[in-house]
Amino acid sequence: MSATRETDTDDRASWLTAITVYLRPRVLVIMFLGFSSGLPLALSGETLRVWMADLGVDLGTIGLLSLAGLPYTLKFLWAPVVDAWHVPFLTRRLGRRRGWLVASQLVLMGAIVFLGTRDPLSAPLMVGFAALIVACASATQDIIVDAFRVQSLPTDEQAAGMASYVAAYRIGMLASGAGVIGFSAWLEARGLGKEAIWPIAYAAAAVLVLVGLAAALFAKEPKNGASEEDTGEGPIARLYETAKGAFTQFLLRDAAIAVLAFVILFKLCDALAGTMTAPFVLSLGYSKATYAAIVKGVGLGALLIGGFAGGAVARALPLVTALWIAAFIQMFSNLVFVWLGFQETSTWALTVAIVIENFSGAIGTVIFVAYLSALCYDPLHTATQYALLTALASTGRTFFSSGTGFAAESLGWPLYFIGTALTALPALALMVWLTRRGHFHELESKRNGI
């Protein structure tokens, strides 16, 4: 009887610890930084596409604007700069990581305001340039937040930190997606013209970056790792050694090129469908307000539930099994848009489609993040290697998505979404090859400390 009571007490203590870890100051800082990281993505992506579609910009131009996301793909090129160099004035007062965080966030706020004051109809090139600046500042912030998370959280807080980060990241995307779109619809309903509502909406989004800025100022600078110690070398030499060590170590591992190709292809079908979701939904006759309420409002619940489900799957099953589940769910969820295209315009049909798509995408994202984290097992090179992998993972929504507008116009919506589902096949083939190679078994062993 006494043993039973002790077991119950231990179980309650374990559950209490698992819950209260999310309230620890370090984890809360990562959560708020996650919100700041998720905020800019839609502003230079989906929200920008809705803005351009609202003004009547052609689909081809909207699709080409996806190239503004190139910094997310190329950020690994300057990730070593963040590891090796200091920010004048800020580093001396705040520390290396916090100094870079504050600098990137200040630039980000200015870039968002600048983008919101451009005209997509008369100056689409200037809109693209402004979106590029937003993406550059955002990608730099992502590099720093990843490094800050790895260095500031102890092992027992890493999982909670990542879970909080992903959830807050999604909320940040919701704020800059549904929030900005809904706010613009509200302003338009009050009689403001289309030329006035979007600059105001983007300025409001810039203010939200203050959440991350406050977190950076409140946080404590993590202890410098060995890779950050000043060795007396000049800045160029430090940069070279940092980059060389990180990239060489990764490229020398078994099947490195196949792994990088798999990272690029795994989320491709999801990215291609997501790029054209806004123009597709608006083309069916749904209003901006309905889009904001259902696609991002109801979809948030599906995203959060899907995220927790993905975390549970990744924790309970072997990594390769979880990846197979995520891959098939993502692939078949694209076909729901084919079904939606043949339905009468109704909030019910749109809700069903968006819940399925968002739930599936969230499961895939969380499991994929677990895979990327498992690839970065050397703490000395985590920041640069993680930047490389996430940059490659974003290729789907940048390079490959740039021609989606032309593809949709040429194929029509049903064939387009069928085609996006089929783009999952190369990733499935690579997964078979990597499984036979023993790649996932090796990662599983390292993750479990075997």
# chains A, B, ... in the order shown; residues from 1 in each chain; ligands from 1
$ select_by_dssp --residues "range 36-76 of chain A" --states "alpha helix (DSSP H)" --output "PyMOL selection string"
chain A and resi 36-43+46-54+59-64+70-74
$ residues_around --residues "Gly341 in chain A" --least-positions-apart "6" --cutoff "9 Å" --atoms "only C-alpha atoms" --output "CSV table (one decimal) with C-alpha atoms, in the first residue's frame"
chain,number,residue,atom,x,y,z
A,280,PHE,CA,-7.1,29.5,-54.8
A,281,VAL,CA,-9.5,30.2,-52.0
A,284,LEU,CA,-13.6,30.3,-55.4
A,413,TRP,CA,-6.7,24.2,-60.0
A,414,PRO,CA,-7.6,20.4,-59.8
$ residues_around --residues "Ala289 in chain A" --least-positions-apart "4" --cutoff "10 Å" --atoms "only C-alpha atoms" --output "MDAnalysis selection string"
chainID A and resid 178 181:186 293:295
$ write_last_selection --atoms "N, CA and C atoms" --output "PDB file, in the first residue's frame"
ATOM      1  N   ALA A 178      -3.677  35.813 -40.626  1.00  0.00           N
ATOM      2  CA  ALA A 178      -5.084  36.112 -40.370  1.00  0.00           C
ATOM      3  C   ALA A 178      -5.253  37.457 -39.680  1.00  0.00           C
ATOM      4  N   ILE A 181      -4.572  40.268 -42.295  1.00  0.00           N
ATOM      5  CA  ILE A 181      -5.615  40.208 -43.327  1.00  0.00           C
ATOM      6  C   ILE A 181      -6.974  40.618 -42.747  1.00  0.00           C
ATOM      7  N   GLY A 182      -7.291  40.076 -41.562  1.00  0.00           N
ATOM      8  CA  GLY A 182      -8.552  40.446 -40.921  1.00  0.00           C
ATOM      9  C   GLY A 182      -8.596  41.915 -40.552  1.00  0.00           C
ATOM     10  N   PHE A 183      -7.462  42.447 -40.086  1.00  0.00           N
ATOM     11  CA  PHE A 183      -7.392  43.863 -39.737  1.00  0.00           C
ATOM     12  C   PHE A 183      -7.599  44.732 -40.971  1.00  0.00           C
ATOM     13  N   SER A 184      -7.031  44.307 -42.095  1.00  0.00           N
ATOM     14  CA  SER A 184      -7.217  45.069 -43.336  1.00  0.00           C
ATOM     15  C   SER A 184      -8.682  45.041 -43.782  1.00  0.00           C
ATOM     16  N   ALA A 185      -9.338  43.877 -43.605  1.00  0.00           N
ATOM     17  CA  ALA A 185     -10.762  43.785 -43.958  1.00  0.00           C
ATOM     18  C   ALA A 185     -11.602  44.681 -43.051  1.00  0.00           C
ATOM     19  N   TRP A 186     -11.223  44.744 -41.764  1.00  0.00           N
ATOM     20  CA  TRP A 186     -11.940  45.602 -40.817  1.00  0.00           C
ATOM     21  C   TRP A 186     -11.768  47.072 -41.189  1.00  0.00           C
ATOM     22  N   ALA A 293     -10.898  34.288 -41.128  1.00  0.00           N
ATOM     23  CA  ALA A 293     -11.569  33.625 -40.011  1.00  0.00           C
ATOM     24  C   ALA A 293     -11.403  32.109 -40.052  1.00  0.00           C
ATOM     25  N   ILE A 294     -11.511  31.524 -41.252  1.00  0.00           N
ATOM     26  CA  ILE A 294     -11.484  30.065 -41.357  1.00  0.00           C
ATOM     27  C   ILE A 294     -10.078  29.542 -41.628  1.00  0.00           C
ATOM     28  N   VAL A 295      -9.431  30.085 -42.644  1.00  0.00           N
ATOM     29  CA  VAL A 295      -8.114  29.566 -43.016  1.00  0.00           C
ATOM     30  C   VAL A 295      -7.108  29.742 -41.889  1.00  0.00           C
TER      31      VAL A 295
END
$ residues_around --residues "Leu28 in chain A" --least-positions-apart "4" --cutoff "8 Å" --atoms "only C-alpha atoms" --output "PyMOL selection string"
chain A and resi 22-24+32+161+164
$ closest_residue --among "A:Ala374, A:Ala387, A:Val134, A:Leu411" --to "Ala79 in chain A" --atoms "only C-alpha atoms"
A:Ala387
$ residues_around --residues "Ile356 in chain A" --least-positions-apart "6" --cutoff "9 Å" --atoms "only C-alpha atoms" --output "ChimeraX atom specification"
/A:299,302,333,336
$ write_last_selection --atoms "C-alpha atoms" --output "short mmCIF file (atom, residue, chain, number, x, y, z; two decimals), in the first residue's frame"
data_model
loop_
_atom_site.label_atom_id
_atom_site.label_comp_id
_atom_site.auth_asym_id
_atom_site.auth_seq_id
_atom_site.Cartn_x
_atom_site.Cartn_y
_atom_site.Cartn_z
CA GLY A 299 -6.92 26.52 -38.76
CA ALA A 302 -5.98 22.34 -36.15
CA SER A 333 -3.92 16.22 -47.56
CA VAL A 336 -8.53 17.94 -50.17
#
$ decode --residues "range 300-343 of chain A" --atoms "C-alpha atoms" --output "PDB file, in the first residue's frame"
ATOM      1  CA  LEU A 300      -5.003  27.599 -35.640  1.00  0.00           C
ATOM      2  CA  GLY A 301      -6.784  24.993 -33.557  1.00  0.00           C
ATOM      3  CA  ALA A 302      -5.983  22.345 -36.146  1.00  0.00           C
ATOM      4  CA  LEU A 303      -2.346  23.497 -36.210  1.00  0.00           C
ATOM      5  CA  LEU A 304      -1.934  23.333 -32.452  1.00  0.00           C
ATOM      6  CA  ILE A 305      -3.645  19.942 -32.162  1.00  0.00           C
ATOM      7  CA  GLY A 306      -1.606  18.672 -35.100  1.00  0.00           C
ATOM      8  CA  GLY A 307       1.570  19.982 -33.488  1.00  0.00           C
ATOM      9  CA  PHE A 308       0.902  18.160 -30.218  1.00  0.00           C
ATOM     10  CA  ALA A 309      -0.073  15.045 -32.186  1.00  0.00           C
ATOM     11  CA  GLY A 310       3.164  15.245 -34.158  1.00  0.00           C
ATOM     12  CA  GLY A 311       5.137  15.595 -30.941  1.00  0.00           C
ATOM     13  CA  ALA A 312       3.400  12.561 -29.463  1.00  0.00           C
ATOM     14  CA  VAL A 313       4.081  10.521 -32.607  1.00  0.00           C
ATOM     15  CA  ALA A 314       7.747  11.569 -32.704  1.00  0.00           C
ATOM     16  CA  ARG A 315       8.163  10.670 -29.031  1.00  0.00           C
ATOM     17  CA  ALA A 316       6.323   7.324 -29.142  1.00  0.00           C
ATOM     18  CA  LEU A 317       7.585   5.898 -32.437  1.00  0.00           C
ATOM     19  CA  PRO A 318      10.983   5.431 -34.089  1.00  0.00           C
ATOM     20  CA  LEU A 319      12.029   8.480 -36.099  1.00  0.00           C
ATOM     21  CA  VAL A 320      11.756   6.756 -39.487  1.00  0.00           C
ATOM     22  CA  THR A 321       8.236   5.474 -38.712  1.00  0.00           C
ATOM     23  CA  ALA A 322       7.130   8.954 -37.696  1.00  0.00           C
ATOM     24  CA  LEU A 323       8.576  10.383 -40.911  1.00  0.00           C
ATOM     25  CA  TRP A 324       6.667   7.830 -43.020  1.00  0.00           C
ATOM     26  CA  ILE A 325       3.410   8.756 -41.296  1.00  0.00           C
ATOM     27  CA  ALA A 326       4.065  12.471 -41.805  1.00  0.00           C
ATOM     28  CA  ALA A 327       4.999  12.026 -45.465  1.00  0.00           C
ATOM     29  CA  PHE A 328       1.815  10.150 -46.404  1.00  0.00           C
ATOM     30  CA  ILE A 329      -0.440  12.478 -44.420  1.00  0.00           C
ATOM     31  CA  GLN A 330       1.081  15.533 -46.123  1.00  0.00           C
ATOM     32  CA  MET A 331       0.800  13.944 -49.556  1.00  0.00           C
ATOM     33  CA  PHE A 332      -2.860  13.014 -49.339  1.00  0.00           C
ATOM     34  CA  SER A 333      -3.923  16.217 -47.564  1.00  0.00           C
ATOM     35  CA  ASN A 334      -3.176  18.177 -50.764  1.00  0.00           C
ATOM     36  CA  LEU A 335      -5.994  16.324 -52.496  1.00  0.00           C
ATOM     37  CA  VAL A 336      -8.531  17.943 -50.174  1.00  0.00           C
ATOM     38  CA  PHE A 337      -8.195  21.115 -52.266  1.00  0.00           C
ATOM     39  CA  VAL A 338      -9.266  19.172 -55.341  1.00  0.00           C
ATOM     40  CA  TRP A 339     -12.399  18.199 -53.429  1.00  0.00           C
ATOM     41  CA  LEU A 340     -12.923  21.801 -52.257  1.00  0.00           C
ATOM     42  CA  GLY A 341     -12.819  23.086 -55.827  1.00  0.00           C
ATOM     43  CA  PHE A 342     -15.889  21.012 -56.724  1.00  0.00           C
ATOM     44  CA  GLN A 343     -17.963  22.100 -53.705  1.00  0.00           C
TER      45      GLN A 343
END
